[in-house]
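Dropping model15.pdb in here (PDB, C-alpha atoms):
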ATOM      1  CA  GLN A   1       0.000   0.000   0.000  1.00  0.00           C
ATOM      2  CA  VAL A   2       1.429   3.352  -1.077  1.00  0.00           C
ATOM      3  CA  GLN A   3       1.890   5.699   1.865  1.00  0.00           C
ATOM      4  CA  LEU A   4       2.383   9.453   1.837  1.00  0.00           C
ATOM      5  CA  VAL A   5       3.273  11.391   4.971  1.00  0.00           C
ATOM      6  CA  GLU A   6       3.408  15.179   5.015  1.00  0.00           C
ATOM      7  CA  SER A   7       5.230  17.379   7.487  1.00  0.00           C
ATOM      8  CA  GLY A   8       6.475  20.935   7.833  1.00  0.00           C
ATOM      9  CA  GLY A   9       3.263  22.857   8.260  1.00  0.00           C
ATOM     10  CA  GLY A  10       2.901  25.595  10.829  1.00  0.00           C
ATOM     11  CA  SER A  11       1.943  29.187  11.482  1.00  0.00           C
ATOM     12  CA  VAL A  12       3.788  32.102   9.927  1.00  0.00           C
ATOM     13  CA  GLN A  13       3.210  35.767   9.295  1.00  0.00           C
ATOM     14  CA  ALA A  14       2.502  37.104   5.849  1.00  0.00           C
ATOM     15  CA  GLY A  15       5.683  37.345   3.825  1.00  0.00           C
ATOM     16  CA  GLY A  16       7.230  34.402   5.628  1.00  0.00           C
ATOM     17  CA  SER A  17       8.350  31.027   4.327  1.00  0.00           C
ATOM     18  CA  LEU A  18       7.750  27.370   5.024  1.00  0.00           C
ATOM     19  CA  ARG A  19       8.988  24.130   3.525  1.00  0.00           C
ATOM     20  CA  LEU A  20       6.656  21.176   3.381  1.00  0.00           C
ATOM     21  CA  SER A  21       7.912  17.626   2.982  1.00  0.00           C
ATOM     22  CA  CYS A  22       6.155  14.518   1.757  1.00  0.00           C
ATOM     23  CA  VAL A  23       7.719  11.097   2.175  1.00  0.00           C
ATOM     24  CA  VAL A  24       6.379   8.667  -0.392  1.00  0.00           C
ATOM     25  CA  ALA A  25       6.711   5.044   0.706  1.00  0.00           C
ATOM     26  CA  LYS A  26       5.989   1.806  -1.120  1.00  0.00           C
ATOM     27  CA  TYR A  27       5.469   3.549  -4.467  1.00  0.00           C
ATOM     28  CA  PRO A  28       6.312   0.789  -6.916  1.00  0.00           C
ATOM     29  CA  TYR A  29       6.073   2.813 -10.096  1.00  0.00           C
ATOM     30  CA  GLY A  30       8.845   4.557 -11.927  1.00  0.00           C
ATOM     31  CA  SER A  31       6.523   7.076 -13.527  1.00  0.00           C
ATOM     32  CA  GLY A  32       3.572   9.283 -12.768  1.00  0.00           C
ATOM     33  CA  LEU A  33       3.239  12.465 -10.796  1.00  0.00           C
ATOM     34  CA  VAL A  34       3.420  13.575  -7.219  1.00  0.00           C
ATOM     35  CA  ALA A  35       1.562  16.733  -6.358  1.00  0.00           C
ATOM     36  CA  TRP A  36       0.578  19.168  -3.658  1.00  0.00           C
ATOM     37  CA  PHE A  37      -3.040  20.125  -3.165  1.00  0.00           C
ATOM     38  CA  ARG A  38      -4.570  22.425  -0.592  1.00  0.00           C
ATOM     39  CA  GLN A  39      -7.977  22.885   0.909  1.00  0.00           C
ATOM     40  CA  ALA A  40      -9.015  25.995   2.739  1.00  0.00           C
ATOM     41  CA  SER A  41     -11.921  25.924   5.154  1.00  0.00           C
ATOM     42  CA  GLY A  42     -15.185  25.834   3.233  1.00  0.00           C
ATOM     43  CA  LYS A  43     -13.506  25.575  -0.147  1.00  0.00           C
ATOM     44  CA  GLU A  44     -12.776  22.899  -2.695  1.00  0.00           C
ATOM     45  CA  ARG A  45      -9.432  21.114  -2.703  1.00  0.00           C
ATOM     46  CA  GLU A  46      -7.213  22.680  -5.351  1.00  0.00           C
ATOM     47  CA  GLY A  47      -3.991  21.652  -6.991  1.00  0.00           C
ATOM     48  CA  VAL A  48      -0.969  23.788  -6.204  1.00  0.00           C
ATOM     49  CA  ALA A  49       2.092  22.158  -7.750  1.00  0.00           C
ATOM     50  CA  ALA A  50       3.140  18.854  -9.262  1.00  0.00           C
ATOM     51  CA  ILE A  51       6.314  17.164 -10.425  1.00  0.00           C
ATOM     52  CA  GLY A  52       6.983  14.227 -12.717  1.00  0.00           C
ATOM     53  CA  VAL A  53       8.411  11.219 -10.904  1.00  0.00           C
ATOM     54  CA  MET A  54      10.686  10.346 -13.807  1.00  0.00           C
ATOM     55  CA  SER A  55      10.895  13.580 -15.804  1.00  0.00           C
ATOM     56  CA  GLY A  56      11.097  16.087 -12.986  1.00  0.00           C
ATOM     57  CA  ARG A  57       8.875  18.373 -15.028  1.00  0.00           C
ATOM     58  CA  THR A  58       7.080  20.832 -12.792  1.00  0.00           C
ATOM     59  CA  TYR A  59       3.617  22.327 -12.869  1.00  0.00           C
ATOM     60  CA  TYR A  60       2.239  25.240 -10.867  1.00  0.00           C
ATOM     61  CA  THR A  61      -1.117  26.830 -10.486  1.00  0.00           C
ATOM     62  CA  ASP A  62      -1.073  30.518 -11.371  1.00  0.00           C
ATOM     63  CA  SER A  63      -1.598  31.821  -7.850  1.00  0.00           C
ATOM     64  CA  VAL A  64       1.678  30.329  -6.591  1.00  0.00           C
ATOM     65  CA  LYS A  65       3.982  30.811  -9.576  1.00  0.00           C
ATOM     66  CA  GLY A  66       7.131  32.626  -8.569  1.00  0.00           C
ATOM     67  CA  ARG A  67       6.481  31.990  -4.863  1.00  0.00           C
ATOM     68  CA  PHE A  68       6.352  28.191  -4.488  1.00  0.00           C
ATOM     69  CA  THR A  69       8.883  25.648  -5.684  1.00  0.00           C
ATOM     70  CA  ILE A  70       8.275  21.921  -5.883  1.00  0.00           C
ATOM     71  CA  SER A  71      11.190  19.517  -5.894  1.00  0.00           C
ATOM     72  CA  LYS A  72      12.006  15.904  -5.161  1.00  0.00           C
ATOM     73  CA  GLU A  73      14.876  13.949  -3.719  1.00  0.00           C
ATOM     74  CA  ASN A  74      14.741  10.500  -5.223  1.00  0.00           C
ATOM     75  CA  GLY A  75      17.224   8.900  -2.849  1.00  0.00           C
ATOM     76  CA  LYS A  76      14.991   9.820   0.080  1.00  0.00           C
ATOM     77  CA  ASN A  77      11.662   9.264  -1.712  1.00  0.00           C
ATOM     78  CA  THR A  78      10.746  12.738  -0.582  1.00  0.00           C
ATOM     79  CA  MET A  79       8.983  15.606  -2.275  1.00  0.00           C
ATOM     80  CA  TYR A  80       9.207  19.192  -1.072  1.00  0.00           C
ATOM     81  CA  LEU A  81       7.191  22.353  -1.448  1.00  0.00           C
ATOM     82  CA  GLU A  82       9.205  25.465  -0.691  1.00  0.00           C
ATOM     83  CA  MET A  83       6.753  28.298  -0.043  1.00  0.00           C
ATOM     84  CA  THR A  84       7.922  31.905   0.102  1.00  0.00           C
ATOM     85  CA  SER A  85       6.169  35.280   0.244  1.00  0.00           C
ATOM     86  CA  LEU A  86       3.264  33.576   1.935  1.00  0.00           C
ATOM     87  CA  LYS A  87      -0.106  35.310   1.983  1.00  0.00           C
ATOM     88  CA  PRO A  88      -3.122  34.856   4.259  1.00  0.00           C
ATOM     89  CA  GLU A  89      -4.949  33.299   1.316  1.00  0.00           C
ATOM     90  CA  ASP A  90      -2.389  30.490   1.319  1.00  0.00           C
ATOM     91  CA  THR A  91      -3.862  29.307   4.613  1.00  0.00           C
ATOM     92  CA  ALA A  92      -5.112  25.749   4.113  1.00  0.00           C
ATOM     93  CA  MET A  93      -4.545  22.102   4.818  1.00  0.00           C
ATOM     94  CA  TYR A  94      -1.892  20.938   2.388  1.00  0.00           C
ATOM     95  CA  TYR A  95      -1.973  17.403   1.024  1.00  0.00           C
ATOM     96  CA  CYS A  96       0.451  15.462  -1.079  1.00  0.00           C
ATOM     97  CA  ALA A  97      -0.855  13.060  -3.678  1.00  0.00           C
ATOM     98  CA  ALA A  98       0.592  10.553  -6.120  1.00  0.00           C
ATOM     99  CA  ASP A  99      -0.477   8.472  -9.053  1.00  0.00           C
ATOM    100  CA  TYR A 100       1.329   6.524 -11.753  1.00  0.00           C
ATOM    101  CA  SER A 101      -0.994   7.598 -14.570  1.00  0.00           C
ATOM    102  CA  VAL A 102      -1.956  11.257 -14.770  1.00  0.00           C
ATOM    103  CA  SER A 103      -2.481  13.036 -18.068  1.00  0.00           C
ATOM    104  CA  THR A 104      -1.156  16.560 -18.406  1.00  0.00           C
ATOM    105  CA  SER A 105      -4.698  17.864 -18.720  1.00  0.00           C
ATOM    106  CA  MET A 106      -5.546  16.373 -15.314  1.00  0.00           C
ATOM    107  CA  VAL A 107      -2.495  17.459 -13.321  1.00  0.00           C
ATOM    108  CA  PHE A 108      -4.553  19.532 -10.894  1.00  0.00           C
ATOM    109  CA  SER A 109      -7.613  17.331 -10.878  1.00  0.00           C
ATOM    110  CA  ARG A 110      -8.272  15.740  -7.509  1.00  0.00           C
ATOM    111  CA  SER A 111      -9.866  12.697  -9.110  1.00  0.00           C
ATOM    112  CA  ALA A 112      -6.679  11.887 -11.039  1.00  0.00           C
ATOM    113  CA  TYR A 113      -4.772  10.819  -7.921  1.00  0.00           C
ATOM    114  CA  ARG A 114      -5.204   7.513  -6.194  1.00  0.00           C
ATOM    115  CA  TYR A 115      -2.905   8.011  -3.224  1.00  0.00           C
ATOM    116  CA  TRP A 116      -3.144  10.759  -0.620  1.00  0.00           C
ATOM    117  CA  GLY A 117      -1.497  11.808   2.584  1.00  0.00           C
ATOM    118  CA  GLN A 118      -3.298  13.000   5.713  1.00  0.00           C
ATOM    119  CA  GLY A 119      -2.344  16.627   5.300  1.00  0.00           C
ATOM    120  CA  THR A 120      -0.408  19.291   7.151  1.00  0.00           C
ATOM    121  CA  GLN A 121      -1.880  22.629   8.199  1.00  0.00           C
ATOM    122  CA  VAL A 122      -0.430  25.924   7.007  1.00  0.00           C
ATOM    123  CA  THR A 123      -1.695  29.119   8.609  1.00  0.00           C
ATOM    124  CA  VAL A 124      -0.575  32.543   7.418  1.00  0.00           C
ATOM    125  CA  SER A 125      -1.516  35.547   9.528  1.00  0.00           C
ATOM    126  CA  SER A 126      -1.633  39.123   8.297  1.00  0.00           C
TER
END
Is it possible to give me this structure as structure tokens?
Amino acid sequence: QVQLVESGGGSVQAGGSLRLSCVVAKYPYGSGLVAWFRQASGKEREGVAAIGVMSGRTYYTDSVKGRFTISKENGKNTMYLEMTSLKPEDTAMYYCAADYSVSTSMVFSRSAYRYWGQGTQVTVSS
């Protein structure tokens, strides 16, 4: 069973930075995508960033371009989300997700991912 465990969330002031980590265990596939989603209170879960497991190609939603960076460290089976210039609207529960078969048109579609972590809370105060 694929397991994803997030960490690194916390509370910061606007303009601050955080780095989230996601350890991906028992992922038997050499392809696919791993991604970060977030869900603010009362809102739909939305895709934030994704990275190809094999290609390393990155994808970002417009609202985080230039502020967030997704990366992976294959030797540690870990994915990161470096978040800078944080805004109150970035406040949400952040989830990592993975799947071995995601089309480029579905990168930020929740239904495209089979495997999910439990989430880590990020709170940005003004």
Per-residue nearest contacts of region 23-46 of chain A to region 2-14 of chain A (8 Å; only C-alpha atoms) as CSV:
residue,atom,partner,partner_atom,distance
A:Val23,CA,A:Val5,CA,5.3
A:Val24,CA,A:Leu4,CA,4.6
A:Ala25,CA,A:Gln3,CA,5.0
A:Lys26,CA,A:Val2,CA,4.8
A:Tyr27,CA,A:Val2,CA,5.3
For the file shown, what are the residues hit by the PyMOL selection byres ((chain A and resi 78-82) around 7), laid out as a PDB file with C-alpha atoms, keeping the file's coordinate frame?
ATOM      1  CA  LEU A  18       7.750  27.370   5.024  1.00  0.00           C
ATOM      2  CA  ARG A  19       8.988  24.130   3.525  1.00  0.00           C
ATOM      3  CA  LEU A  20       6.656  21.176   3.381  1.00  0.00           C
ATOM      4  CA  SER A  21       7.912  17.626   2.982  1.00  0.00           C
ATOM      5  CA  CYS A  22       6.155  14.518   1.757  1.00  0.00           C
ATOM      6  CA  VAL A  23       7.719  11.097   2.175  1.00  0.00           C
ATOM      7  CA  VAL A  24       6.379   8.667  -0.392  1.00  0.00           C
ATOM      8  CA  PHE A  68       6.352  28.191  -4.488  1.00  0.00           C
ATOM      9  CA  THR A  69       8.883  25.648  -5.684  1.00  0.00           C
ATOM     10  CA  ILE A  70       8.275  21.921  -5.883  1.00  0.00           C
ATOM     11  CA  SER A  71      11.190  19.517  -5.894  1.00  0.00           C
ATOM     12  CA  LYS A  72      12.006  15.904  -5.161  1.00  0.00           C
ATOM     13  CA  GLU A  73      14.876  13.949  -3.719  1.00  0.00           C
ATOM     14  CA  ASN A  74      14.741  10.500  -5.223  1.00  0.00           C
ATOM     15  CA  LYS A  76      14.991   9.820   0.080  1.00  0.00           C
ATOM     16  CA  ASN A  77      11.662   9.264  -1.712  1.00  0.00           C
ATOM     17  CA  MET A  83       6.753  28.298  -0.043  1.00  0.00           C
ATOM     18  CA  THR A  84       7.922  31.905   0.102  1.00  0.00           C
TER      19      THR A  84
END
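Closest approach to Glu44 (chain A) from the set A:Thr91, A:Ser105, A:Tyr29, A:Arg110 is made by A:Arg110, with distances taken over only C-alpha atoms.
Residues matching the PyMOL selection byres ((chain A and resi 62) around 12) in this structure come to A:Glu46, A:Gly47, A:Val48, A:Ala49, A:Tyr59, A:Tyr60, A:Thr61, A:Ser63, A:Val64, A:Lys65, A:Gly66, A:Arg67, A:Phe68, A:Phe108.
Considering the residues A:Ser111, A:Ser31, A:Gln1, A:Gln39 and counting all atoms listed in the file, Tyr94 (chain A) has its shortest atom-to-atom contact with A:Gln39.
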Restricting the calculation to all atoms listed in the file, which member of A:Gly15, A:Gly52, A:Pro88, A:Gly75 is positioned closest to Val34 (chain A)? A:Gly52
In Å, rounded to a single decimal, give me how far CA of Cys96 (chain A) is from CA of Gln118 (chain A). 8.1 Å
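Here CA of Arg38 (chain A) stands at a distance of 19.1 Å from CA of Ser126 (chain A).
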Could you give me, as a PDB file with C-alpha atoms, keeping the file's coordinate frame, the residues that sit within 7 Å of (-2.4, 25.0, 5.6) in the file's coordinates, counting all atoms listed in the file?
ATOM      1  CA  GLY A   9       3.263  22.857   8.260  1.00  0.00           C
ATOM      2  CA  ASP A  90      -2.389  30.490   1.319  1.00  0.00           C
ATOM      3  CA  THR A  91      -3.862  29.307   4.613  1.00  0.00           C
ATOM      4  CA  ALA A  92      -5.112  25.749   4.113  1.00  0.00           C
ATOM      5  CA  MET A  93      -4.545  22.102   4.818  1.00  0.00           C
ATOM      6  CA  TYR A  94      -1.892  20.938   2.388  1.00  0.00           C
ATOM      7  CA  THR A 120      -0.408  19.291   7.151  1.00  0.00           C
ATOM      8  CA  GLN A 121      -1.880  22.629   8.199  1.00  0.00           C
ATOM      9  CA  VAL A 122      -0.430  25.924   7.007  1.00  0.00           C
ATOM     10  CA  THR A 123      -1.695  29.119   8.609  1.00  0.00           C
TER      11      THR A 123
END
CA of Ala112 (chain A) and CA of Asp99 (chain A), how far apart in Å? 7.4 Å
Please determine an axis-aligned box that encloses all atoms of region 19-24 of chain A listed in the file, with 8 Å added on each side, and express its centre and edge lengths in Å to one decimal as JSON.
{"center_x": 7.6, "center_y": 16.4, "center_z": 1.6, "size_x": 18.8, "size_y": 31.5, "size_z": 19.9}
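Each of A:Leu86, A:Gly32, A:Ala97, A:Ser109 was compared to Met54 (chain A) using all atoms listed in the file, and A:Gly32 turns out to be the nearest.
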Save region 5-117 of chain A from what I just supplied, as a CSV table (one decimal), in the first residue's frame, atoms limited to C-alpha atoms.
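The result, stored in decode-v7.csv:
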chain,number,residue,atom,x,y,z
A,5,VAL,CA,3.3,11.4,5.0
A,6,GLU,CA,3.4,15.2,5.0
A,7,SER,CA,5.2,17.4,7.5
A,8,GLY,CA,6.5,20.9,7.8
A,9,GLY,CA,3.3,22.9,8.3
A,10,GLY,CA,2.9,25.6,10.8
A,11,SER,CA,1.9,29.2,11.5
A,12,VAL,CA,3.8,32.1,9.9
A,13,GLN,CA,3.2,35.8,9.3
A,14,ALA,CA,2.5,37.1,5.8
A,15,GLY,CA,5.7,37.3,3.8
A,16,GLY,CA,7.2,34.4,5.6
A,17,SER,CA,8.4,31.0,4.3
A,18,LEU,CA,7.8,27.4,5.0
A,19,ARG,CA,9.0,24.1,3.5
A,20,LEU,CA,6.7,21.2,3.4
A,21,SER,CA,7.9,17.6,3.0
A,22,CYS,CA,6.2,14.5,1.8
A,23,VAL,CA,7.7,11.1,2.2
A,24,VAL,CA,6.4,8.7,-0.4
A,25,ALA,CA,6.7,5.0,0.7
A,26,LYS,CA,6.0,1.8,-1.1
A,27,TYR,CA,5.5,3.5,-4.5
A,28,PRO,CA,6.3,0.8,-6.9
A,29,TYR,CA,6.1,2.8,-10.1
A,30,GLY,CA,8.8,4.6,-11.9
A,31,SER,CA,6.5,7.1,-13.5
A,32,GLY,CA,3.6,9.3,-12.8
A,33,LEU,CA,3.2,12.5,-10.8
A,34,VAL,CA,3.4,13.6,-7.2
A,35,ALA,CA,1.6,16.7,-6.4
A,36,TRP,CA,0.6,19.2,-3.7
A,37,PHE,CA,-3.0,20.1,-3.2
A,38,ARG,CA,-4.6,22.4,-0.6
A,39,GLN,CA,-8.0,22.9,0.9
A,40,ALA,CA,-9.0,26.0,2.7
A,41,SER,CA,-11.9,25.9,5.2
A,42,GLY,CA,-15.2,25.8,3.2
A,43,LYS,CA,-13.5,25.6,-0.1
A,44,GLU,CA,-12.8,22.9,-2.7
A,45,ARG,CA,-9.4,21.1,-2.7
A,46,GLU,CA,-7.2,22.7,-5.4
A,47,GLY,CA,-4.0,21.7,-7.0
A,48,VAL,CA,-1.0,23.8,-6.2
A,49,ALA,CA,2.1,22.2,-7.7
A,50,ALA,CA,3.1,18.9,-9.3
A,51,ILE,CA,6.3,17.2,-10.4
A,52,GLY,CA,7.0,14.2,-12.7
A,53,VAL,CA,8.4,11.2,-10.9
A,54,MET,CA,10.7,10.3,-13.8
A,55,SER,CA,10.9,13.6,-15.8
A,56,GLY,CA,11.1,16.1,-13.0
A,57,ARG,CA,8.9,18.4,-15.0
A,58,THR,CA,7.1,20.8,-12.8
A,59,TYR,CA,3.6,22.3,-12.9
A,60,TYR,CA,2.2,25.2,-10.9
A,61,THR,CA,-1.1,26.8,-10.5
A,62,ASP,CA,-1.1,30.5,-11.4
A,63,SER,CA,-1.6,31.8,-7.8
A,64,VAL,CA,1.7,30.3,-6.6
A,65,LYS,CA,4.0,30.8,-9.6
A,66,GLY,CA,7.1,32.6,-8.6
A,67,ARG,CA,6.5,32.0,-4.9
A,68,PHE,CA,6.4,28.2,-4.5
A,69,THR,CA,8.9,25.6,-5.7
A,70,ILE,CA,8.3,21.9,-5.9
A,71,SER,CA,11.2,19.5,-5.9
A,72,LYS,CA,12.0,15.9,-5.2
A,73,GLU,CA,14.9,13.9,-3.7
A,74,ASN,CA,14.7,10.5,-5.2
A,75,GLY,CA,17.2,8.9,-2.8
A,76,LYS,CA,15.0,9.8,0.1
A,77,ASN,CA,11.7,9.3,-1.7
A,78,THR,CA,10.7,12.7,-0.6
A,79,MET,CA,9.0,15.6,-2.3
A,80,TYR,CA,9.2,19.2,-1.1
A,81,LEU,CA,7.2,22.4,-1.4
A,82,GLU,CA,9.2,25.5,-0.7
A,83,MET,CA,6.8,28.3,0.0
A,84,THR,CA,7.9,31.9,0.1
A,85,SER,CA,6.2,35.3,0.2
A,86,LEU,CA,3.3,33.6,1.9
A,87,LYS,CA,-0.1,35.3,2.0
A,88,PRO,CA,-3.1,34.9,4.3
A,89,GLU,CA,-4.9,33.3,1.3
A,90,ASP,CA,-2.4,30.5,1.3
A,91,THR,CA,-3.9,29.3,4.6
A,92,ALA,CA,-5.1,25.7,4.1
A,93,MET,CA,-4.5,22.1,4.8
A,94,TYR,CA,-1.9,20.9,2.4
A,95,TYR,CA,-2.0,17.4,1.0
A,96,CYS,CA,0.5,15.5,-1.1
A,97,ALA,CA,-0.9,13.1,-3.7
A,98,ALA,CA,0.6,10.6,-6.1
A,99,ASP,CA,-0.5,8.5,-9.1
A,100,TYR,CA,1.3,6.5,-11.8
A,101,SER,CA,-1.0,7.6,-14.6
A,102,VAL,CA,-2.0,11.3,-14.8
A,103,SER,CA,-2.5,13.0,-18.1
A,104,THR,CA,-1.2,16.6,-18.4
A,105,SER,CA,-4.7,17.9,-18.7
A,106,MET,CA,-5.5,16.4,-15.3
A,107,VAL,CA,-2.5,17.5,-13.3
A,108,PHE,CA,-4.6,19.5,-10.9
A,109,SER,CA,-7.6,17.3,-10.9
A,110,ARG,CA,-8.3,15.7,-7.5
A,111,SER,CA,-9.9,12.7,-9.1
A,112,ALA,CA,-6.7,11.9,-11.0
A,113,TYR,CA,-4.8,10.8,-7.9
A,114,ARG,CA,-5.2,7.5,-6.2
A,115,TYR,CA,-2.9,8.0,-3.2
A,116,TRP,CA,-3.1,10.8,-0.6
A,117,GLY,CA,-1.5,11.8,2.6
